[in-house]
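In what follows, a structure is listed as structure tokens, so that the remarks can point back to it.
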2 protein chains.
Amino acid sequence: MTASLQCLALLLSFYSCQGLQFNYIEEETEFLNINSKYGSLWPLPQKVNFSDVSLKLSGVSFRIVDAKESSAGASCGLLQNAYRRYFDYIFGGAKKQWPVKGRRTGDSELQELQVWITAPESDCDSYPTVFSNESYELTVAQSVAVLKAPKVWGALHGLETFSQLVYKDEFGSRNINVTTVSDFPRFAHRGILLDTSRHFLPLKVILANLETMAMNKFNVFHWHIVDDPSFPYLSKTFPQLSQKGAYHPYTHVYTPADVKMIIEFARLRGIRVIPEFDTPGHTRSWGRGQPDLLTPCYSGSSPSGTFGPVNPIVNTTYDFMAQFFKEISSVFPDAYVHLGGDEVDFTCWKSNPDIQAFMKQQGFGGDFTKLESFYIQRLLDIVGQTNKGYMIWQEVFDNGVKIKPDTVVHVWMGSGQKEEMQKVTAAGYTTILSAPWYLDYISYAQDWQKYYNVEPLNFDGTDKQKELVIGGEACLWGEYVDGTNLTPRLWPRASAVAERLWSDKDVTNINDAYNRLSLHRCRMVERGIPAEPLFTSYCPHEYKGI
Amino acid sequence: MTASLQCLALLLSFYSCQGLQFNYIEEETEFLNINSKYGSLWPLPQKVNFSDVSLKLSGVSFRIVDAKESSAGASCGLLQNAYRRYFDYIFGGAKKQWPVKGRRTGDSELQELQVWITAPESDCDSYPTVFSNESYELTVAQSVAVLKAPKVWGALHGLETFSQLVYKDEFGSRNINVTTVSDFPRFAHRGILLDTSRHFLPLKVILANLETMAMNKFNVFHWHIVDDPSFPYLSKTFPQLSQKGAYHPYTHVYTPADVKMIIEFARLRGIRVIPEFDTPGHTRSWGRGQPDLLTPCYSGSSPSGTFGPVNPIVNTTYDFMAQFFKEISSVFPDAYVHLGGDEVDFTCWKSNPDIQAFMKQQGFGGDFTKLESFYIQRLLDIVGQTNKGYMIWQEVFDNGVKIKPDTVVHVWMGSGQKEEMQKVTAAGYTTILSAPWYLDYISYAQDWQKYYNVEPLNFDGTDKQKELVIGGEACLWGEYVDGTNLTPRLWPRASAVAERLWSDKDVTNINDAYNRLSLHRCRMVERGIPAEPLFTSYCPHEYKGI
């Protein structure tokens with residue numbers, strides 16, 4: 001997307017200062033308020049064929065069952081759990097349903113959904129990876145619907161799609177039309193970044209958002225877990241990190257049990273959990289529990305009492321990191337950790353005479369990016385030994401640090417984003433895009449359209465380069481959000497990113513998107529998620545919280 | 001405030017498009033994070049004197065009681081209700097408290113708060129008005145605190161202040177310091193506008209926000225109840241208005257019982273409810289249930305099937321309005337109704353041949369503001385006969401309509417706001433300000449500061465003119481808010497307006513405000529209100545919803 005597009009919404013609010021303030025801005029975006037032929041499907045599947053034939057679903061007799069041929073059966077907890085979840089989504093409004101005696105099954109009734117995992121290995125007990133097959137085929141026909149997927153991951157997405165196809169008629173009956181869907185994601189990495197350092201997010205807020213991610217077919221929870229303001233991760237190896245570095249050592253931490261629960265809750269929804277432990281900058285909170293870890297800043301010739309980035313010139317730093325990331329690599333099952341590496345402020349390093357001496361000794365001259373790279377290089381080597389891959393913010397690549405071939409470079413800077421994508425992929429690295437999707441930046445009116453209009457592959461590069469773009473992430477940095485406002489601020493704005501990362505490149509009709517997304521947002525509300533409105537409108541069932 | 005100040009926040013986000021995007025904007029506003037000497041008081045009372053002597057409050061034995069001399073006693077439901085509410089706010093966290101046997105009252109304990117209504121007429125069973133005395137004096141001394149107020153309205157504010165003075169020590173004990181407070185509002189009209197037409201707001205959302213208004217000493221709920229998109233007000237005289245004009249005639253309407261409950265809930269908190277029925281524009285939803293009310297628009301020489309503003313040239317319009325506002329004047333006890341009168345679009349009137357003929361007959365030429373004024377004039381005369389005063393948006397004044405001397409002119413246009421304030425007050429009318437406080441306009445970072453920095457009397461005019469500025473309103477128009485996001489979007493941003501309208505003109509220290517408001521927002525959260533964070537921070541008790 002062009003910079004001018006990106007700025008449009010801001011410019012509009014900017015102009016309102018200059019005398020164009022409206023009491024009501026009804027006319028701002030006058031979409032045709034007609035139902036999409038795709039109903040409420042979101043994100044739009046790759047291929048959908050509807051017929052006009054509708055089938056009824058009975059809350060008493062409808063069943064979601066394992067297909068006989070399925071490689072995952074009753075012992076697959078992930079699927080059994082998902083069947084119950086989706087049954088509840090579909091029939092949730094009608095809790096007490098008693099069989100009507102002598103009722104005869106009508107002709108136009110859908111009696112069951114058979115879920116058929118076709119590959120010999122269902123992945124039922126595995127963790128999802130960037131290579132996981134997420135495709136599925138759904139056939140809704142007279143009496144029986146069949147959901148075929150090579151792996152459980154596709155089945156989860158297919159269940160969500162199935163639930164989105166069910167609609168209530170005016171009498172409250174659940175209906176679904178005879179339909180076939182053939183679906184797979186355009187990008188393999190579709191993430192949400194949440195930041196639990198600037199504000200602590202209670203467990204239930206994280207779980208609710210994982211639940212909503214599944215409704216939007218997101219598959220990566222990028223957990224920016226610690227940062228300058230607080231260190232809520234309770235480390236088994238270094239418990240003093242959260243003991244001293246959390247906002248509160250009991251009420252504002254994630255215990256090992258919490259972390260396990262989040263990882264399993266996510267796995268059951270096909271979501272990877274990638275933790276970020278950002279160093280050497282953004283580490284103020286680390287220093288409280290690990291006093292020698294950070295660089296002492298100097299004021300003139302004596303220490304000022306304040307601390308800067310991780311101290312890169314002492315061996316204790318690397319001993320600590322080795323032990324710490326050994327723990328992280330065993331606590332978090334995903335094949336990747338995010339190592340950060342962004343925005344290192346050199347002021348403190350520059351002030352410290354030991355650092356100055358080290359720079360001279362190493363022949364770095366006055367170039368502190370060399371010191372930064374020196375640190376990162378050693379860190380990457382350490383983490384590399386834990387058999388984890390790593391993700392890093394773009395600066396690490398920009399500074400020429402030697403990174404493993406399977407490294408994921410995370411592009412976040414709004415300026416020069418296309419050139420960066422071009423450079424990273426030209427160098428042969430996989431990359432994900434976040435620059436246009438910083439959802440912490442808010443503005444008046446419908447900014448979801450701005451996110452929706454992004455085309456991630458819109459940069460100069462060969463087909464091979466474009467293949468290296470494995471996806472993107474919507475980032476909701478935590479300065480201005482906590483449990484009070486995070487959920488409605490994230491949804492449905494992040495849903496726009498969800499469709500861009502899942503659906504076909506040519507799915508760009510913004511009016512159609514508006515109509516589907518309006519229904520999708522009301523569905524999220526009906527499922528208990530306070531997803532905010534796109535514009536003047538109503539939902540049949542408004543949000544029940546305050 | 002100057003236009004350049006008003007634009008600062010927008011400009012900042014604007015620049016972020018041009019390459020200055022940050023991954024983290026921690027440094028953006030680096031306030032000194034020290035406790036204010038005024039603790040968590042918000043809005044700041046006119047006079048406070050603290051001492052260092054602290055007294056304990058026991059959840060078992062502390063009582064809020066009527067002073068013997070009080071003109072309001074046990075029969076004053078408003079006060080008895082408030083005592084329970086504030087007792088719960090103060091001791092809410094500790095539900096089960098059993099007396100400790102043999103406990104002896106310590107020396108440094110506050111045993112009771114006596115509430116003393118000093119005027120012969122307590123106003124206990126009245127509705128608050130713009131002339132209500134809201135002052136109070138609070139003396140917290142050894143053993144007994146006394147809250148003196150001429151009327152119950154001041155007592156309500158004093159109870160809120162008392163509850164804000166109570167703090168927990170590290171052992172969880174409730175404490176309050178020996179303190180005297182002498183307080184009254186700077187402006188008499190301190191309002192919040194909520195819009196229930198663009199989105200329907202469930203009853204409990206409105207009640208929760210009235211509750212929060214009381215915590216911020218707001219005293220006017222400006223209920224923009226109907227508008228173009230929907231007509232949720234269930235009229236007893238014209239039930240078809242909501243039957244046809246609401247989003248849904250059962251689930252998305254305010255019944256007479258709902259309206260009564262809102263008015264009484266507000267009254268018990270010292271809040272006036274001023275309904276707005278905006279005409280002749282913004283009335284599309286009225287036309288659905290009252291087909292002849294709106295002007296038929298023409299396309300060439302035949303009706304196009306669409307409708308414009310209220311039809312001002314037929315007697316049926318005025319008959320309808322007379323009956324309708326007769327009902328409104330009896331349903332809503334406040335002395336004022338808001339009649340709107342803003343943003344009339346002349347396109348439809350221009351197209352209609354009957355209107356054209358009427359214009360000619362009246363000698364209006366091509367000046368449709370004359371027709372608008374013709375309508376408004378008759379409407380005001382009709383409403384004037386119901387013994388109600390009226391508020392109107394500034395256009396009605398600007399167009400030279402003859403208005404009653406007690407009319408309140410509502411200034412909302414951002415452009416030329418100071419000149420408008422000057423003109424309205426020079427003409428001798430009371431006025432309220434909303435132009436700088438359109439809270440539906442959101443932007444990145446701490447826009448509460450922008451609202452806080454407004455000085456309502458900063459326009460050229462005599463002292464007499466300035467006295468005519470009776471207050472202001474924070475407006476949260478409904479295009480982008482409903483029950484999912486309204487509450488965190490309104491609070492604590494509206495709290496900034498609350499302090500500006502209550503506290504002394506010289507209370508402008510933004511750093512002190514930041515520290516008090518941070519605590520005040522955590523208090524709102526602890527009371528169950530999802531008030532969003534100002535910035536990176538935490539609350540001892542985070543929000544318990546999702």
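Labels for the structure tokens follow display order: chains A, B, ..., residues from 1 in each chain, ligands from 1.
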Per residue of chain B within 6 Å of chain A, note the shortest atom pair and the distance in Å to one decimal, counting only C-alpha atoms, and order the rows by chain and increasing residue number, as CSV.
```
residue,atom,partner,partner_atom,distance
B:Leu10,CA,A:Phe14,CA,5.8
B:Phe14,CA,A:Leu10,CA,5.9
B:Gly19,CA,A:Ser415,CA,4.3
B:Gln21,CA,A:Gly414,CA,5.9
B:Arg198,CA,A:Thr536,CA,4.9
B:His199,CA,A:Ser537,CA,5.8
B:Val205,CA,A:Ile546,CA,5.3
B:Gly414,CA,A:Gln21,CA,5.9
B:Ser415,CA,A:Gly19,CA,4.3
B:Tyr441,CA,A:Tyr444,CA,5.4
B:Ile442,CA,A:Tyr444,CA,5.2
B:Ser443,CA,A:Ser443,CA,4.7
B:Tyr444,CA,A:Ile442,CA,5.2
B:Glu479,CA,A:Thr536,CA,4.6
B:Tyr480,CA,A:Phe535,CA,5.2
B:Gly483,CA,A:Tyr543,CA,5.8
B:Thr484,CA,A:Pro530,CA,4.5
B:Asn485,CA,A:Pro488,CA,5.8
B:Pro488,CA,A:Asn485,CA,5.8
B:Pro530,CA,A:Thr484,CA,4.5
B:Glu532,CA,A:Thr484,CA,5.5
B:Pro533,CA,A:Tyr480,CA,5.8
B:Phe535,CA,A:Tyr480,CA,5.2
B:Thr536,CA,A:Glu479,CA,4.6
B:Ser537,CA,A:His199,CA,5.8
B:Tyr538,CA,A:His199,CA,5.9
B:Tyr543,CA,A:Gly483,CA,5.8
B:Ile546,CA,A:Val205,CA,5.3
```
Q. Residues at most 9 Å from Gly245 of chain A, counting only C-alpha atoms, excluding those fewer than 6 positions away in the same chain, as an NGL selection string?
A. :A and (229-232 or 284-289)
(Q) Could you tell me how far atom CA of Phe221 of chain A sits from atom CA of Gly39 of chain A, in Å to one decimal place? (A) 27.9 Å
(Q) Between atom CA of Ser495 of chain A and atom CA of Thr212 of chain A, what distance in Å does the model show, to one decimal? (A)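 A separation of 9.5 Å between them.
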From a DSSP calculation on the backbone, collect every residue of segment 246-351 of chain A in strand (DSSP E or B) and output the set as an mmCIF file with N, CA, C and O atoms, in the first residue's frame.
```
data_model
loop_
_atom_site.group_PDB
_atom_site.id
_atom_site.type_symbol
_atom_site.label_atom_id
_atom_site.label_comp_id
_atom_site.auth_asym_id
_atom_site.auth_seq_id
_atom_site.Cartn_x
_atom_site.Cartn_y
_atom_site.Cartn_z
ATOM 1 N N TYR A 254 3.001 -14.748 35.159
ATOM 2 C CA TYR A 254 2.536 -15.976 34.520
ATOM 3 C C TYR A 254 3.349 -17.119 35.097
ATOM 4 O O TYR A 254 4.565 -17.201 34.870
ATOM 5 N N ARG A 272 0.094 -21.633 17.270
ATOM 6 C CA ARG A 272 1.450 -21.715 17.820
ATOM 7 C C ARG A 272 1.656 -20.569 18.816
ATOM 8 O O ARG A 272 1.129 -19.483 18.635
ATOM 9 N N VAL A 273 2.445 -20.846 19.845
ATOM 10 C CA VAL A 273 2.807 -19.786 20.782
ATOM 11 C C VAL A 273 4.302 -19.523 20.636
ATOM 12 O O VAL A 273 5.123 -20.385 20.946
ATOM 13 N N ILE A 274 4.638 -18.353 20.117
ATOM 14 C CA ILE A 274 6.046 -17.979 19.958
ATOM 15 C C ILE A 274 6.359 -16.882 20.969
ATOM 16 O O ILE A 274 5.863 -15.759 20.848
ATOM 17 N N PRO A 275 7.156 -17.208 21.974
ATOM 18 C CA PRO A 275 7.471 -16.194 22.969
ATOM 19 C C PRO A 275 8.571 -15.283 22.447
ATOM 20 O O PRO A 275 9.452 -15.724 21.697
ATOM 21 N N GLU A 276 8.512 -14.016 22.823
ATOM 22 C CA GLU A 276 9.611 -13.108 22.499
ATOM 23 C C GLU A 276 10.303 -12.680 23.784
ATOM 24 O O GLU A 276 9.664 -12.152 24.703
ATOM 25 N N LEU A 294 22.801 -5.962 33.167
ATOM 26 C CA LEU A 294 22.736 -4.751 32.345
ATOM 27 C C LEU A 294 24.008 -3.914 32.464
ATOM 28 O O LEU A 294 24.764 -4.030 33.426
ATOM 29 N N THR A 295 24.198 -3.069 31.491
ATOM 30 C CA THR A 295 25.367 -2.200 31.461
ATOM 31 C C THR A 295 25.187 -1.031 32.424
ATOM 32 O O THR A 295 24.194 -0.301 32.329
ATOM 33 N N PRO A 296 26.134 -0.828 33.357
ATOM 34 C CA PRO A 296 26.040 0.363 34.209
ATOM 35 C C PRO A 296 26.338 1.612 33.374
ATOM 36 O O PRO A 296 27.355 1.659 32.664
ATOM 37 N N CYS A 297 25.448 2.585 33.423
ATOM 38 C CA CYS A 297 25.685 3.827 32.684
ATOM 39 C C CYS A 297 26.561 4.735 33.549
ATOM 40 O O CYS A 297 26.520 4.683 34.775
ATOM 41 N N TYR A 298 27.336 5.555 32.866
ATOM 42 C CA TYR A 298 28.216 6.478 33.578
ATOM 43 C C TYR A 298 27.792 7.913 33.351
ATOM 44 O O TYR A 298 27.285 8.283 32.282
ATOM 45 N N SER A 299 28.015 8.686 34.398
ATOM 46 C CA SER A 299 27.854 10.117 34.272
ATOM 47 C C SER A 299 29.238 10.686 34.541
ATOM 48 O O SER A 299 29.705 10.669 35.682
ATOM 49 N N SER A 302 32.028 8.417 36.823
ATOM 50 C CA SER A 302 31.490 7.481 37.813
ATOM 51 C C SER A 302 30.104 6.968 37.398
ATOM 52 O O SER A 302 29.367 7.648 36.672
ATOM 53 N N PRO A 303 29.771 5.768 37.861
ATOM 54 C CA PRO A 303 28.474 5.181 37.498
ATOM 55 C C PRO A 303 27.331 6.068 37.971
ATOM 56 O O PRO A 303 27.370 6.624 39.067
ATOM 57 N N SER A 304 26.322 6.211 37.125
ATOM 58 C CA SER A 304 25.210 7.116 37.433
ATOM 59 C C SER A 304 24.145 6.425 38.259
ATOM 60 O O SER A 304 23.216 7.066 38.740
ATOM 61 N N GLY A 305 24.267 5.096 38.395
ATOM 62 C CA GLY A 305 23.218 4.369 39.119
ATOM 63 C C GLY A 305 22.115 3.864 38.208
ATOM 64 O O GLY A 305 21.260 3.109 38.648
ATOM 65 N N THR A 306 22.134 4.269 36.947
ATOM 66 C CA THR A 306 21.134 3.744 36.008
ATOM 67 C C THR A 306 21.792 2.698 35.114
ATOM 68 O O THR A 306 23.025 2.579 35.072
ATOM 69 N N PHE A 307 20.963 1.965 34.409
ATOM 70 C CA PHE A 307 21.472 0.865 33.596
ATOM 71 C C PHE A 307 20.947 0.927 32.171
ATOM 72 O O PHE A 307 19.844 1.423 31.923
ATOM 73 N N GLY A 308 21.749 0.427 31.258
ATOM 74 C CA GLY A 308 21.392 0.434 29.841
ATOM 75 C C GLY A 308 21.071 -0.961 29.340
ATOM 76 O O GLY A 308 20.571 -1.791 30.101
ATOM 77 N N PRO A 309 21.378 -1.233 28.079
ATOM 78 C CA PRO A 309 21.092 -2.548 27.505
ATOM 79 C C PRO A 309 21.927 -3.630 28.199
ATOM 80 O O PRO A 309 22.794 -3.336 29.022
ATOM 81 N N VAL A 310 21.644 -4.867 27.857
ATOM 82 C CA VAL A 310 22.426 -6.001 28.358
ATOM 83 C C VAL A 310 23.917 -5.706 28.163
ATOM 84 O O VAL A 310 24.322 -5.160 27.140
ATOM 85 N N TYR A 336 10.262 -22.150 17.097
ATOM 86 C CA TYR A 336 10.879 -20.826 17.027
ATOM 87 C C TYR A 336 10.737 -20.053 18.344
ATOM 88 O O TYR A 336 9.739 -20.200 19.047
ATOM 89 N N VAL A 337 11.755 -19.262 18.651
ATOM 90 C CA VAL A 337 11.595 -18.200 19.639
ATOM 91 C C VAL A 337 11.906 -16.886 18.935
ATOM 92 O O VAL A 337 12.652 -16.850 17.954
ATOM 93 N N HIS A 338 11.297 -15.820 19.444
ATOM 94 C CA HIS A 338 11.566 -14.489 18.874
ATOM 95 C C HIS A 338 12.586 -13.829 19.797
ATOM 96 O O HIS A 338 12.358 -13.728 21.004
#
```
Q.
With only C-alpha atoms as the counted atoms, please give the residues lying no more than 6 Å from Val144 of chain B, apart from itself and same-chain residues fewer than 4 positions off, as a ChimeraX atom specification.
A. /B:110-113
Could you save those same residues with N, CA, C and O atoms as a short mmCIF file (atom, residue, chain, number, x, y, z; two decimals), in the first residue's frame?
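So the final result, stored in result-v6.cif, reads:
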```
data_model
loop_
_atom_site.label_atom_id
_atom_site.label_comp_id
_atom_site.auth_asym_id
_atom_site.auth_seq_id
_atom_site.Cartn_x
_atom_site.Cartn_y
_atom_site.Cartn_z
N LEU B 110 -11.62 5.99 62.93
CA LEU B 110 -12.76 6.80 62.54
C LEU B 110 -13.99 5.92 62.67
O LEU B 110 -14.10 4.89 62.01
N GLN B 111 -14.89 6.31 63.54
CA GLN B 111 -16.02 5.43 63.83
C GLN B 111 -17.24 5.70 62.98
O GLN B 111 -17.99 4.80 62.67
N GLU B 112 -17.43 6.98 62.65
CA GLU B 112 -18.58 7.22 61.77
C GLU B 112 -18.43 8.48 60.95
O GLU B 112 -17.64 9.37 61.26
N LEU B 113 -19.23 8.49 59.90
CA LEU B 113 -19.36 9.68 59.08
C LEU B 113 -20.80 10.15 59.26
O LEU B 113 -21.75 9.41 58.98
#
```
Q) In Å, with one decimal, what is the gap from atom CA of Ile263 of chain A to atom CA of Val411 of chain A? A)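 Distance between the two atoms: 25.2 Å.
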Q | Nearest candidate to Asp227 of chain B (options B:Arg63, B:Leu468, B:Gly340, B:Tyr167; using only C-alpha atoms) | A |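 Nearest candidate to Asp227 of chain B out of B:Arg63, B:Leu468, B:Gly340, B:Tyr167: B:Gly340.
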Q) Using only C-alpha atoms, which residues sit within 9 Å of segment 33-37 of chain A once same-chain residues fewer than 4 positions away are excluded, as a list in words? A)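 Listing them by chain and then by number gives Phe50, Asn511, Asp512, Ala513, Tyr514, Asn515 and Arg516 of chain A.
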Export, as an mmCIF file, in the first residue's frame, the selected residues with C-alpha atoms.
```cif
data_model
loop_
_atom_site.group_PDB
_atom_site.id
_atom_site.type_symbol
_atom_site.label_atom_id
_atom_site.label_comp_id
_atom_site.auth_asym_id
_atom_site.auth_seq_id
_atom_site.Cartn_x
_atom_site.Cartn_y
_atom_site.Cartn_z
ATOM 1 C CA PHE A 50 -23.472 -22.640 -2.530
ATOM 2 C CA ASN A 511 -17.939 -3.405 0.111
ATOM 3 C CA ASP A 512 -18.369 -7.174 0.175
ATOM 4 C CA ALA A 513 -15.853 -7.334 3.004
ATOM 5 C CA TYR A 514 -17.814 -4.708 4.947
ATOM 6 C CA ASN A 515 -20.998 -6.718 4.749
ATOM 7 C CA ARG A 516 -19.410 -10.027 5.676
#
```
Q.
Taking 4 positions as the minimum chain separation for residues in the same chain, which residues sit within 7 Å of Leu517 of chain A when counting only C-alpha atoms? Answer as a PyMOL selection string.
A. chain A and resi 40+42+513+521
Just all heavy atoms for this one: save the residues we selected as a PDB file, in the first residue's frame.
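Written out: again.pdb:
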```
ATOM      1  N   SER A  40     -21.791 -14.703   5.892  1.00  0.00           N
ATOM      2  CA  SER A  40     -20.964 -14.161   6.966  1.00  0.00           C
ATOM      3  C   SER A  40     -19.597 -14.831   7.006  1.00  0.00           C
ATOM      4  O   SER A  40     -18.908 -14.762   8.022  1.00  0.00           O
ATOM      5  CB  SER A  40     -21.680 -14.357   8.307  1.00  0.00           C
ATOM      6  OG  SER A  40     -21.775 -15.748   8.591  1.00  0.00           O
ATOM      7  N   TRP A  42     -15.887 -15.549   7.085  1.00  0.00           N
ATOM      8  CA  TRP A  42     -14.719 -14.688   7.331  1.00  0.00           C
ATOM      9  C   TRP A  42     -13.636 -15.477   8.037  1.00  0.00           C
ATOM     10  O   TRP A  42     -13.905 -16.031   9.090  1.00  0.00           O
ATOM     11  CB  TRP A  42     -15.118 -13.482   8.196  1.00  0.00           C
ATOM     12  CG  TRP A  42     -14.035 -12.455   8.179  1.00  0.00           C
ATOM     13  CD1 TRP A  42     -12.892 -12.462   8.932  1.00  0.00           C
ATOM     14  CD2 TRP A  42     -13.957 -11.312   7.331  1.00  0.00           C
ATOM     15  NE1 TRP A  42     -12.113 -11.390   8.613  1.00  0.00           N
ATOM     16  CE2 TRP A  42     -12.736 -10.666   7.630  1.00  0.00           C
ATOM     17  CE3 TRP A  42     -14.787 -10.773   6.346  1.00  0.00           C
ATOM     18  CZ2 TRP A  42     -12.344  -9.486   6.988  1.00  0.00           C
ATOM     19  CZ3 TRP A  42     -14.390  -9.611   5.712  1.00  0.00           C
ATOM     20  CH2 TRP A  42     -13.184  -8.976   6.036  1.00  0.00           C
ATOM     21  N   ALA A 513     -16.523  -7.090   1.725  1.00  0.00           N
ATOM     22  CA  ALA A 513     -15.853  -7.334   3.004  1.00  0.00           C
ATOM     23  C   ALA A 513     -16.624  -6.667   4.138  1.00  0.00           C
ATOM     24  O   ALA A 513     -16.823  -7.256   5.199  1.00  0.00           O
ATOM     25  CB  ALA A 513     -14.417  -6.816   2.964  1.00  0.00           C
ATOM     26  N   ARG A 521     -18.576  -9.797  12.923  1.00  0.00           N
ATOM     27  CA  ARG A 521     -18.380  -9.122  14.210  1.00  0.00           C
ATOM     28  C   ARG A 521     -19.578  -9.397  15.126  1.00  0.00           C
ATOM     29  O   ARG A 521     -19.393  -9.648  16.321  1.00  0.00           O
ATOM     30  CB  ARG A 521     -18.080  -7.673  13.958  1.00  0.00           C
ATOM     31  CG  ARG A 521     -18.893  -6.502  14.375  1.00  0.00           C
ATOM     32  CD  ARG A 521     -19.159  -6.148  15.776  1.00  0.00           C
ATOM     33  NE  ARG A 521     -20.358  -5.322  15.758  1.00  0.00           N
ATOM     34  CZ  ARG A 521     -20.905  -4.732  16.781  1.00  0.00           C
ATOM     35  NH1 ARG A 521     -20.372  -4.839  17.977  1.00  0.00           N
ATOM     36  NH2 ARG A 521     -21.994  -4.033  16.658  1.00  0.00           N
TER      37      ARG A 521
END
```
Q: Go through segment 508-544 of chain B and collect every residue that DSSP, computed from the backbone, puts in alpha helix (DSSP H); the answer should be as a ChimeraX atom specification.
A: /B:510-526
Q: Do a neighbour search on segment 74-84 of chain A at 7 Å with only C-alpha atoms, toss out local chain neighbours closer than 3 positions, and write the hits as a PyMOL selection string.
A: chain A and resi 64+87-88+124+268
Write the residues you've just listed into a file as a PDB file, in the first residue's frame, and include N, CA and C atoms for each of them.
```
ATOM      1  N   ILE A  64     -21.722 -34.169  15.662  1.00  0.00           N
ATOM      2  CA  ILE A  64     -20.432 -34.065  14.965  1.00  0.00           C
ATOM      3  C   ILE A  64     -19.670 -35.330  15.336  1.00  0.00           C
ATOM      4  N   PHE A  87     -20.259 -27.228  18.610  1.00  0.00           N
ATOM      5  CA  PHE A  87     -21.670 -27.528  18.869  1.00  0.00           C
ATOM      6  C   PHE A  87     -22.270 -26.396  19.708  1.00  0.00           C
ATOM      7  N   ASP A  88     -21.515 -25.983  20.700  1.00  0.00           N
ATOM      8  CA  ASP A  88     -22.008 -24.917  21.570  1.00  0.00           C
ATOM      9  C   ASP A  88     -22.153 -23.593  20.818  1.00  0.00           C
ATOM     10  N   CYS A 124      -2.810 -35.113  15.903  1.00  0.00           N
ATOM     11  CA  CYS A 124      -3.708 -34.800  17.023  1.00  0.00           C
ATOM     12  C   CYS A 124      -2.949 -34.392  18.277  1.00  0.00           C
ATOM     13  N   LEU A 268      -4.920 -26.509  21.082  1.00  0.00           N
ATOM     14  CA  LEU A 268      -6.239 -27.088  20.812  1.00  0.00           C
ATOM     15  C   LEU A 268      -6.990 -26.290  19.746  1.00  0.00           C
TER      16      LEU A 268
END
```
